[in-house]
file run-v1.pdb (PDB, C-alpha atoms and all ligand atoms)
ATOM      1  CA  MET A   1      73.075  58.555 -65.858
ATOM      2  CA  ARG A   2      76.588  58.004 -64.498
ATOM      3  CA  ARG A   3      76.347  54.196 -64.864
ATOM      4  CA  HIS A   4      75.367  54.022 -68.521
ATOM      5  CA  ASP A   5      75.841  50.269 -68.437
ATOM      6  CA  ARG A   6      72.810  50.047 -66.141
ATOM      7  CA  GLU A   7      70.564  52.380 -68.111
ATOM      8  CA  VAL A   8      67.674  50.709 -69.935
ATOM      9  CA  THR A   9      66.321  52.310 -73.080
ATOM     10  CA  ASP A  10      64.551  49.356 -74.717
ATOM     11  CA  PRO A  11      60.795  50.176 -74.427
ATOM     12  CA  GLU A  12      59.883  46.520 -73.866
ATOM     13  CA  LYS A  13      62.327  46.214 -70.973
ATOM     14  CA  ILE A  14      61.104  49.500 -69.480
ATOM     15  CA  ARG A  15      57.535  48.212 -69.663
ATOM     16  CA  ALA A  16      58.585  44.980 -67.937
ATOM     17  CA  VAL A  17      60.252  46.939 -65.119
ATOM     18  CA  ILE A  18      57.148  49.100 -64.613
ATOM     19  CA  ASP A  19      54.933  45.998 -64.681
ATOM     20  CA  GLY A  20      57.043  44.510 -61.877
ATOM     21  CA  CYS A  21      56.808  47.525 -59.565
ATOM     22  CA  GLY A  22      54.351  47.258 -56.692
ATOM     23  CA  CYS A  23      53.749  50.897 -55.883
ATOM     24  CA  MET A  24      54.871  54.266 -57.148
ATOM     25  CA  ARG A  25      56.112  57.118 -54.964
ATOM     26  CA  ILE A  26      54.966  60.542 -56.044
ATOM     27  CA  GLY A  27      56.981  63.540 -54.894
ATOM     28  CA  PHE A  28      55.096  66.817 -54.604
ATOM     29  CA  ILE A  29      56.577  70.239 -53.976
ATOM     30  CA  ASP A  30      54.759  71.707 -50.975
ATOM     31  CA  GLY A  31      56.058  75.208 -50.395
ATOM     32  CA  ASP A  32      59.578  74.736 -49.075
ATOM     33  CA  GLU A  33      58.988  71.047 -48.286
ATOM     34  CA  VAL A  34      58.850  67.890 -50.366
ATOM     35  CA  TYR A  35      55.927  65.503 -49.783
ATOM     36  CA  ILE A  36      56.444  61.935 -50.994
ATOM     37  CA  VAL A  37      53.475  59.590 -50.995
ATOM     38  CA  PRO A  38      53.415  55.893 -51.979
ATOM     39  CA  LEU A  39      50.454  54.847 -54.106
ATOM     40  CA  ASP A  40      49.168  51.914 -56.121
ATOM     41  CA  PHE A  41      49.139  52.764 -59.782
ATOM     42  CA  GLY A  42      48.279  51.744 -63.298
ATOM     43  CA  TYR A  43      49.428  53.100 -66.593
ATOM     44  CA  ILE A  44      48.545  53.599 -70.215
ATOM     45  CA  GLU A  45      51.306  53.721 -72.784
ATOM     46  CA  ASN A  46      50.873  55.663 -75.967
ATOM     47  CA  GLY A  47      53.919  55.155 -78.136
ATOM     48  CA  GLU A  48      56.706  55.672 -75.624
ATOM     49  CA  LYS A  49      54.683  58.203 -73.646
ATOM     50  CA  TYR A  50      53.443  57.017 -70.268
ATOM     51  CA  THR A  51      50.418  58.262 -68.366
ATOM     52  CA  PHE A  52      50.256  56.913 -64.808
ATOM     53  CA  TYR A  53      46.915  56.693 -63.004
ATOM     54  CA  PHE A  54      46.223  56.775 -59.263
ATOM     55  CA  HIS A  55      43.196  56.869 -57.035
ATOM     56  CA  GLY A  56      42.426  58.133 -53.560
ATOM     57  CA  ALA A  57      40.283  60.390 -51.445
ATOM     58  CA  LYS A  58      39.095  63.740 -52.745
ATOM     59  CA  GLU A  59      40.400  65.350 -49.548
ATOM     60  CA  GLY A  60      43.803  65.319 -47.891
ATOM     61  CA  ARG A  61      47.282  66.660 -48.475
ATOM     62  CA  LYS A  62      47.923  65.059 -51.869
ATOM     63  CA  ALA A  63      44.459  66.056 -53.123
ATOM     64  CA  GLU A  64      45.255  69.679 -52.249
ATOM     65  CA  LEU A  65      48.726  69.489 -53.806
ATOM     66  CA  LEU A  66      47.290  68.059 -57.035
ATOM     67  CA  LYS A  67      45.537  71.398 -57.496
ATOM     68  CA  SER A  68      48.245  73.750 -56.252
ATOM     69  CA  SER A  69      51.484  72.029 -57.272
ATOM     70  CA  PRO A  70      51.036  69.816 -60.343
ATOM     71  CA  LYS A  71      54.701  69.380 -61.263
ATOM     72  CA  VAL A  72      55.727  66.086 -59.647
ATOM     73  CA  GLY A  73      58.516  63.551 -59.539
ATOM     74  CA  PHE A  74      57.999  59.811 -59.269
ATOM     75  CA  GLU A  75      59.903  56.645 -58.473
ATOM     76  CA  ALA A  76      59.000  52.952 -58.561
ATOM     77  CA  ASP A  77      61.211  49.909 -58.022
ATOM     78  CA  ALA A  78      61.257  46.135 -57.872
ATOM     79  CA  LYS A  79      63.553  43.158 -57.271
ATOM     80  CA  HIS A  80      65.527  44.881 -54.514
ATOM     81  CA  GLU A  81      68.063  42.534 -52.948
ATOM     82  CA  VAL A  82      71.337  43.112 -51.129
ATOM     83  CA  VAL A  83      73.898  40.525 -52.224
ATOM     84  CA  GLY A  84      77.607  39.828 -51.863
ATOM     85  CA  ASN A  85      80.122  39.405 -49.124
ATOM     86  CA  TYR A  86      79.113  41.155 -45.912
ATOM     87  CA  GLU A  87      82.712  40.834 -44.606
ATOM     88  CA  GLY A  88      84.299  44.209 -45.290
ATOM     89  CA  CYS A  89      80.961  45.481 -46.612
ATOM     90  CA  MET A  90      81.664  44.070 -50.101
ATOM     91  CA  CYS A  91      77.997  43.892 -50.900
ATOM     92  CA  THR A  92      75.729  45.679 -53.312
ATOM     93  CA  ALA A  93      72.050  46.254 -54.019
ATOM     94  CA  LEU A  94      70.342  44.676 -56.985
ATOM     95  CA  TYR A  95      67.214  46.424 -58.235
ATOM     96  CA  GLU A  96      65.120  47.559 -61.154
ATOM     97  CA  SER A  97      63.651  51.073 -61.069
ATOM     98  CA  VAL A  98      62.169  53.976 -62.938
ATOM     99  CA  ILE A  99      62.461  57.634 -62.021
ATOM    100  CA  GLY A 100      60.850  60.550 -63.764
ATOM    101  CA  THR A 101      58.903  63.746 -63.778
ATOM    102  CA  GLY A 102      55.440  64.654 -64.927
ATOM    103  CA  VAL A 103      52.431  66.875 -64.626
ATOM    104  CA  ALA A 104      49.633  65.739 -62.337
ATOM    105  CA  SER A 105      45.944  66.489 -62.829
ATOM    106  CA  ILE A 106      42.618  65.259 -61.541
ATOM    107  CA  VAL A 107      40.680  63.205 -64.100
ATOM    108  CA  GLU A 108      37.268  64.841 -64.480
ATOM    109  CA  ASP A 109      35.933  62.960 -67.512
ATOM    110  CA  ASP A 110      34.030  59.809 -66.441
ATOM    111  CA  GLY A 111      35.230  57.824 -69.464
ATOM    112  CA  GLU A 112      38.870  58.530 -68.693
ATOM    113  CA  LYS A 113      38.227  57.974 -64.966
ATOM    114  CA  ARG A 114      37.010  54.463 -65.807
ATOM    115  CA  LEU A 115      40.053  53.852 -68.025
ATOM    116  CA  GLY A 116      42.277  55.015 -65.160
ATOM    117  CA  LEU A 117      40.602  52.734 -62.637
ATOM    118  CA  ASP A 118      40.805  49.854 -65.134
ATOM    119  CA  ALA A 119      44.548  50.507 -65.501
ATOM    120  CA  ILE A 120      45.002  50.543 -61.707
ATOM    121  CA  MET A 121      42.988  47.338 -61.243
ATOM    122  CA  LYS A 122      44.953  45.618 -64.009
ATOM    123  CA  HIS A 123      48.353  46.601 -62.665
ATOM    124  CA  ALA A 124      47.709  46.469 -58.923
ATOM    125  CA  ALA A 125      45.287  43.536 -58.706
ATOM    126  CA  GLY A 126      45.642  41.681 -62.013
ATOM    127  CA  ARG A 127      41.906  42.216 -62.644
ATOM    128  CA  VAL A 128      40.291  43.177 -65.949
ATOM    129  CA  GLY A 129      36.680  43.948 -66.841
ATOM    130  CA  CYS A 130      35.814  45.384 -63.408
ATOM    131  CA  GLU A 131      32.390  46.827 -62.616
ATOM    132  CA  TYR A 132      32.450  49.855 -60.304
ATOM    133  CA  ASN A 133      29.868  50.670 -57.678
ATOM    134  CA  ALA A 134      28.249  53.949 -58.812
ATOM    135  CA  HIS A 135      28.514  55.596 -55.385
ATOM    136  CA  ALA A 136      32.166  54.570 -54.926
ATOM    137  CA  PHE A 137      32.934  55.691 -58.491
ATOM    138  CA  GLU A 138      31.529  59.126 -57.769
ATOM    139  CA  ARG A 139      33.347  59.451 -54.444
ATOM    140  CA  VAL A 140      36.813  58.413 -55.572
ATOM    141  CA  CYS A 141      39.378  60.842 -56.941
ATOM    142  CA  VAL A 142      41.288  59.499 -59.948
ATOM    143  CA  PHE A 143      44.311  61.485 -60.982
ATOM    144  CA  LYS A 144      46.981  61.069 -63.570
ATOM    145  CA  VAL A 145      50.604  61.971 -64.050
ATOM    146  CA  GLU A 146      51.504  62.650 -67.649
ATOM    147  CA  CYS A 147      55.130  61.781 -67.900
ATOM    148  CA  THR A 148      57.546  64.415 -69.169
ATOM    149  CA  GLN A 149      60.682  62.393 -68.513
ATOM    150  CA  LEU A 150      61.359  58.786 -67.528
ATOM    151  CA  THR A 151      64.591  56.897 -67.031
ATOM    152  CA  CYS A 152      65.006  53.231 -66.218
ATOM    153  CA  LYS A 153      67.914  51.506 -64.498
ATOM    154  CA  ILE A 154      68.594  47.829 -63.829
ATOM    155  CA  HIS A 155      71.334  46.415 -61.639
ATOM    156  CA  GLU A 156      71.134  42.627 -61.911
TER     157      GLU A 156
HETATM  158  C1  LIG B 201      52.315  50.541 -50.666
HETATM  159  C2  LIG B 201      51.231  51.578 -50.447
HETATM  160  C3  LIG B 201      50.242  51.732 -51.394
HETATM  161  C4  LIG B 201      49.240  52.699 -51.201
HETATM  162  N1  LIG B 201      48.287  52.853 -52.168
HETATM  163  C5  LIG B 201      47.397  53.871 -52.056
HETATM  164  C6  LIG B 201      46.463  54.176 -53.105
HETATM  165  O1  LIG B 201      46.420  53.523 -54.153
HETATM  166  N2  LIG B 201      45.622  55.218 -52.931
HETATM  167  C7  LIG B 201      45.628  55.985 -51.799
HETATM  168  O2  LIG B 201      44.852  56.929 -51.696
HETATM  169  N3  LIG B 201      46.488  55.722 -50.800
HETATM  170  C8  LIG B 201      47.374  54.701 -50.891
HETATM  171  N4  LIG B 201      48.267  54.466 -49.887
HETATM  172  C9  LIG B 201      48.231  55.362 -48.729
HETATM  173  C10 LIG B 201      48.949  56.655 -49.092
HETATM  174  O3  LIG B 201      50.331  56.482 -48.964
HETATM  175  C11 LIG B 201      48.509  57.837 -48.205
HETATM  176  O4  LIG B 201      48.605  57.469 -46.840
HETATM  177  C12 LIG B 201      47.072  58.257 -48.510
HETATM  178  O5  LIG B 201      46.847  58.371 -49.892
HETATM  179  C13 LIG B 201      46.749  59.585 -47.843
HETATM  180  O6  LIG B 201      47.529  60.605 -48.427
HETATM  181  P1  LIG B 201      47.190  62.124 -48.112
HETATM  182  O7  LIG B 201      48.215  62.980 -48.751
HETATM  183  O8  LIG B 201      45.761  62.392 -48.401
HETATM  184  O9  LIG B 201      47.468  62.153 -46.549
HETATM  185  P2  LIG B 201      46.672  62.850 -45.352
HETATM  186  O10 LIG B 201      45.632  61.917 -44.874
HETATM  187  O11 LIG B 201      46.224  64.211 -45.791
HETATM  188  O12 LIG B 201      47.789  62.928 -44.253
HETATM  189  C14 LIG B 201      48.769  63.925 -44.258
HETATM  190  C15 LIG B 201      49.981  63.523 -43.460
HETATM  191  O13 LIG B 201      49.916  62.176 -42.991
HETATM  192  C16 LIG B 201      51.160  61.534 -43.157
HETATM  193  N5  LIG B 201      51.011  60.390 -44.074
HETATM  194  C17 LIG B 201      50.158  60.282 -45.129
HETATM  195  N6  LIG B 201      50.314  59.098 -45.743
HETATM  196  C18 LIG B 201      51.288  58.452 -45.068
HETATM  197  C19 LIG B 201      51.890  57.186 -45.240
HETATM  198  N7  LIG B 201      51.556  56.341 -46.265
HETATM  199  N8  LIG B 201      52.859  56.830 -44.382
HETATM  200  C20 LIG B 201      53.221  57.653 -43.370
HETATM  201  N9  LIG B 201      52.692  58.871 -43.160
HETATM  202  C21 LIG B 201      51.730  59.262 -44.004
HETATM  203  C22 LIG B 201      52.121  62.549 -43.732
HETATM  204  O14 LIG B 201      52.883  63.107 -42.685
HETATM  205  C23 LIG B 201      51.228  63.594 -44.331
HETATM  206  O15 LIG B 201      51.764  64.892 -44.258
HETATM  207  C24 LIG B 201      49.250  53.508 -50.029
HETATM  208  C25 LIG B 201      50.249  53.336 -49.091
HETATM  209  C26 LIG B 201      51.232  52.396 -49.288
HETATM  210  C27 LIG B 201      52.323  52.254 -48.243
END

call {"tool": "encode", "arguments": {"input": "run-v1.pdb", "output": "structure tokens"}}
result
Amino acid sequence: MRRHDREVTDPEKIRAVIDGCGCMRIGFIDGDEVYIVPLDFGYIENGEKYTFYFHGAKEGRKAELLKSSPKVGFEADAKHEVVGNYEGCMCTALYESVIGTGVASIVEDDGEKRLGLDAIMKHAAGRVGCEYNAHAFERVCVFKVECTQLTCKIHE
């Protein structure tokens, strides 16, 4: 990272940044195009290794790409604000963000699917101990991105 002074390596601070992010953008490689899709997310942290969970339809472009192109990039951010003196464009953007790469896969195991949905509900809706309608549970696709690299940057 060029601006080392803005790089965050403290795991607790990284967790706080991720907790503050509303949605995560997943970037898929689709042939000679890039497909970026914003999604609600949750996560499970094991040591300093993050697994991000998402849910959606079993059909559609991202569902197809999950099978054919599992290497993904991701980005999430929070606290974006442009501040400073607008005269002479002496202003700057404040933000907190994470960027990384990972390997995406569909969660097939029902136990892990429930854990993934729990993580999404906790992060996206602040809800714990959710019960899931059996039909909806069966219909939804839960997928995960196992992080291979993650960097965090704060400009405050
Ligand atoms: C903040 C936010 C949170 C979201 N959270 C979720 C979530 O948790 N789960 C979920 O399934 N979806 C979520 N969505 C919707 C998501 O971005 C996609 O629209 C949806 O998942 C369908 O993706 P798909 O690849 O199946 O698209 P398809 O239905 O297959 O459509 C393909 C084409 O539609 C266009 N398209 C698809 N999505 C969008 C979009 N969001 N904006 C503009 N054009 C689009 C693109 O051109 C794409 O090539 C969220 C959207 C936003 C903005």

call {"tool": "closest_residue", "arguments": {"input": "run-v1.pdb", "among": "A:Thr101, A:Thr148, A:Asn46, A:Thr9", "to": "Phe74 of chain A", "atoms": "only C-alpha atoms"}}
result
A:Thr101

call {"tool": "resolve_selection", "arguments": {"input": "run-v1.pdb", "expression": "the PyMOL selection byres (((not hetatm)) within 7 of (chain B and resi 201))", "output": "JSON list (two decimals) with C-alpha atoms, in the frame of the given file"}}
result
[["chain", "number", "residue", "atom", "x", "y", "z"],
["A", 23, "CYS", "CA", 53.75, 50.90, -55.88],
["A", 35, "TYR", "CA", 55.93, 65.50, -49.78],
["A", 37, "VAL", "CA", 53.48, 59.59, -51.00],
["A", 38, "PRO", "CA", 53.42, 55.89, -51.98],
["A", 39, "LEU", "CA", 50.45, 54.85, -54.11],
["A", 40, "ASP", "CA", 49.17, 51.91, -56.12],
["A", 41, "PHE", "CA", 49.14, 52.76, -59.78],
["A", 54, "PHE", "CA", 46.22, 56.78, -59.26],
["A", 55, "HIS", "CA", 43.20, 56.87, -57.04],
["A", 56, "GLY", "CA", 42.43, 58.13, -53.56],
["A", 57, "ALA", "CA", 40.28, 60.39, -51.44],
["A", 59, "GLU", "CA", 40.40, 65.35, -49.55],
["A", 60, "GLY", "CA", 43.80, 65.32, -47.89],
["A", 61, "ARG", "CA", 47.28, 66.66, -48.48],
["A", 62, "LYS", "CA", 47.92, 65.06, -51.87],
["A", 63, "ALA", "CA", 44.46, 66.06, -53.12]]

call {"tool": "residues_around", "arguments": {"input": "run-v1.pdb", "residues": "Arg139 of chain A", "least_positions_apart": "4", "cutoff": "9 Å", "atoms": "only C-alpha atoms", "output": "ChimeraX atom specification"}}
result
/A:57-58,134-135

call {"tool": "closest_residue", "arguments": {"input": "run-v1.pdb", "among": "A:Asp77, A:Cys152, A:Gly47, A:Phe28", "to": "Arg3 of chain A", "atoms": "only C-alpha atoms"}}
result
A:Cys152

call {"tool": "residues_around", "arguments": {"input": "run-v1.pdb", "residues": "Glu108 of chain A", "least_positions_apart": "5", "cutoff": "10 Å", "atoms": "only C-alpha atoms", "output": "PyMOL selection string"}}
result
chain A and resi 113+141-143

call {"tool": "residues_around", "arguments": {"input": "run-v1.pdb", "residues": "Ile154 of chain A", "least_positions_apart": "3", "cutoff": "8 Å", "atoms": "only C-alpha atoms", "output": "list in words"}}
result
Arg6, Glu7, Val8, Leu94, Tyr95, Glu96 and Ser97 of chain A

call {"tool": "residues_around", "arguments": {"input": "run-v1.pdb", "residues": "Thr51 of chain A", "least_positions_apart": "4", "cutoff": "8 Å", "atoms": "only C-alpha atoms", "output": "ChimeraX atom specification"}}
result
/A:43-45,144-147

call {"tool": "atom_distance", "arguments": {"input": "run-v1.pdb", "atom1": "atom CA of Val98 of chain A", "atom2": "atom CA of Gly84 of chain A"}}
result
23.7 Å

call {"tool": "resolve_selection", "arguments": {"input": "run-v1.pdb", "expression": "the PyMOL selection byres (((chain A and resi 120) around 8) and not hetatm)", "output": "list of chain:residue names"}}
result
A:Asp40, A:Phe41, A:Gly42, A:Tyr43, A:Tyr53, A:Phe54, A:Gly116, A:Leu117, A:Asp118, A:Ala119, A:Met121, A:Lys122, A:His123, A:Ala124, A:Ala125

call {"tool": "resolve_selection", "arguments": {"input": "run-v1.pdb", "expression": "the PyMOL selection byres (((chain A and resi 80) around 7) and not hetatm)", "output": "list in words"}}
result
Ala78, Lys79, Glu81, Val82, Ala93, Leu94 and Tyr95 of chain A

call {"tool": "atom_distance", "arguments": {"input": "run-v1.pdb", "atom1": "atom CA of Ala16 of chain A", "atom2": "atom CA of Thr92 of chain A"}}
result
22.5 Å

call {"tool": "atom_distance", "arguments": {"input": "run-v1.pdb", "atom1": "atom CA of Ile14 of chain A", "atom2": "atom CA of Gly126 of chain A"}}
result
18.9 Å

call {"tool": "closest_residue", "arguments": {"input": "run-v1.pdb", "among": "A:Met1, A:Val34, A:Ile26, A:Ile106", "to": "Thr151 of chain A", "atoms": "only C-alpha atoms"}}
result
A:Met1

call {"tool": "closest_residue", "arguments": {"input": "run-v1.pdb", "among": "A:Asn85, A:Cys130, A:Gly20, A:Gly31", "to": "Ser68 of chain A", "atoms": "all atoms listed in the file"}}
result
A:Gly31

call {"tool": "closest_residue", "arguments": {"input": "run-v1.pdb", "among": "A:Arg15, A:Lys153, A:Lys71, A:Arg2", "to": "Lys49 of chain A", "atoms": "all atoms listed in the file"}}
result
A:Arg15

call {"tool": "closest_residue", "arguments": {"input": "run-v1.pdb", "among": "A:Gly129, A:Asp32, A:Gly27, A:Glu75", "to": "Ala104 of chain A", "atoms": "all atoms listed in the file"}}
result
A:Gly27

call {"tool": "axis_aligned_box", "arguments": {"input": "run-v1.pdb", "around": "segment 97-115 of chain A", "padding_each_side": "3 Å", "output": "JSON"}}
result
{"center_x": 48.8, "center_y": 59.0, "center_z": -65.3, "size_x": 35.6, "size_y": 21.8, "size_z": 14.4}

call {"tool": "build_atoms", "arguments": {"input": "run-v1.pdb", "residues": "segment 58-84 of chain A", "atoms": "N, CA and C atoms", "output": "tab-separated table (two decimals), keeping the file's coordinate frame"}}
result
chain	number	residue	atom	x	y	z
A	58	LYS	N	39.15	62.41	-52.15
A	58	LYS	CA	39.10	63.74	-52.74
A	58	LYS	C	39.63	64.80	-51.80
A	59	GLU	N	39.85	64.41	-50.53
A	59	GLU	CA	40.40	65.35	-49.55
A	59	GLU	C	41.76	64.84	-49.10
A	60	GLY	N	42.51	65.73	-48.43
A	60	GLY	CA	43.80	65.32	-47.89
A	60	GLY	C	44.93	66.11	-48.54
A	61	ARG	N	46.13	65.85	-48.04
A	61	ARG	CA	47.28	66.66	-48.48
A	61	ARG	C	47.57	66.49	-49.96
A	62	LYS	N	47.59	65.23	-50.44
A	62	LYS	CA	47.92	65.06	-51.87
A	62	LYS	C	46.84	65.63	-52.76
A	63	ALA	N	45.56	65.50	-52.32
A	63	ALA	CA	44.46	66.06	-53.12
A	63	ALA	C	44.62	67.57	-53.26
A	64	GLU	N	45.05	68.22	-52.18
A	64	GLU	CA	45.26	69.68	-52.25
A	64	GLU	C	46.44	70.01	-53.15
A	65	LEU	N	47.52	69.21	-53.02
A	65	LEU	CA	48.73	69.49	-53.81
A	65	LEU	C	48.51	69.25	-55.30
A	66	LEU	N	47.61	68.31	-55.62
A	66	LEU	CA	47.29	68.06	-57.04
A	66	LEU	C	46.81	69.34	-57.71
A	67	LYS	N	46.09	70.16	-56.93
A	67	LYS	CA	45.54	71.40	-57.50
A	67	LYS	C	46.56	72.52	-57.49
A	68	SER	N	47.38	72.57	-56.41
A	68	SER	CA	48.24	73.75	-56.25
A	68	SER	C	49.66	73.54	-56.79
A	69	SER	N	50.08	72.28	-56.94
A	69	SER	CA	51.48	72.03	-57.27
A	69	SER	C	51.61	70.82	-58.20
A	70	PRO	N	51.17	70.98	-59.46
A	70	PRO	CA	51.04	69.82	-60.34
A	70	PRO	C	52.34	69.22	-60.87
A	71	LYS	N	53.44	69.97	-60.77
A	71	LYS	CA	54.70	69.38	-61.26
A	71	LYS	C	55.23	68.40	-60.22
A	72	VAL	N	55.35	67.12	-60.62
A	72	VAL	CA	55.73	66.09	-59.65
A	72	VAL	C	56.92	65.28	-60.14
A	73	GLY	N	57.53	64.58	-59.21
A	73	GLY	CA	58.52	63.55	-59.54
A	73	GLY	C	57.95	62.21	-59.11
A	74	PHE	N	58.48	61.14	-59.68
A	74	PHE	CA	58.00	59.81	-59.27
A	74	PHE	C	59.14	58.81	-59.27
A	75	GLU	N	58.93	57.75	-58.53
A	75	GLU	CA	59.90	56.64	-58.47
A	75	GLU	C	59.14	55.37	-58.20
A	76	ALA	N	59.55	54.27	-58.85
A	76	ALA	CA	59.00	52.95	-58.56
A	76	ALA	C	60.13	51.95	-58.73
A	77	ASP	N	60.13	50.89	-57.92
A	77	ASP	CA	61.21	49.91	-58.02
A	77	ASP	C	60.74	48.51	-57.69
A	78	ALA	N	61.57	47.55	-58.08
A	78	ALA	CA	61.26	46.14	-57.87
A	78	ALA	C	62.57	45.36	-57.73
A	79	LYS	N	62.43	44.12	-57.32
A	79	LYS	CA	63.55	43.16	-57.27
A	79	LYS	C	64.73	43.67	-56.44
A	80	HIS	N	64.44	44.38	-55.37
A	80	HIS	CA	65.53	44.88	-54.51
A	80	HIS	C	66.09	43.75	-53.66
A	81	GLU	N	67.40	43.59	-53.73
A	81	GLU	CA	68.06	42.53	-52.95
A	81	GLU	C	69.51	42.95	-52.69
A	82	VAL	N	69.94	42.82	-51.44
A	82	VAL	CA	71.34	43.11	-51.13
A	82	VAL	C	72.11	41.79	-51.19
A	83	VAL	N	73.15	41.77	-52.02
A	83	VAL	CA	73.90	40.52	-52.22
A	83	VAL	C	75.40	40.79	-52.04
A	84	GLY	N	76.15	39.70	-51.91
A	84	GLY	CA	77.61	39.83	-51.86
A	84	GLY	C	78.17	39.39	-50.53
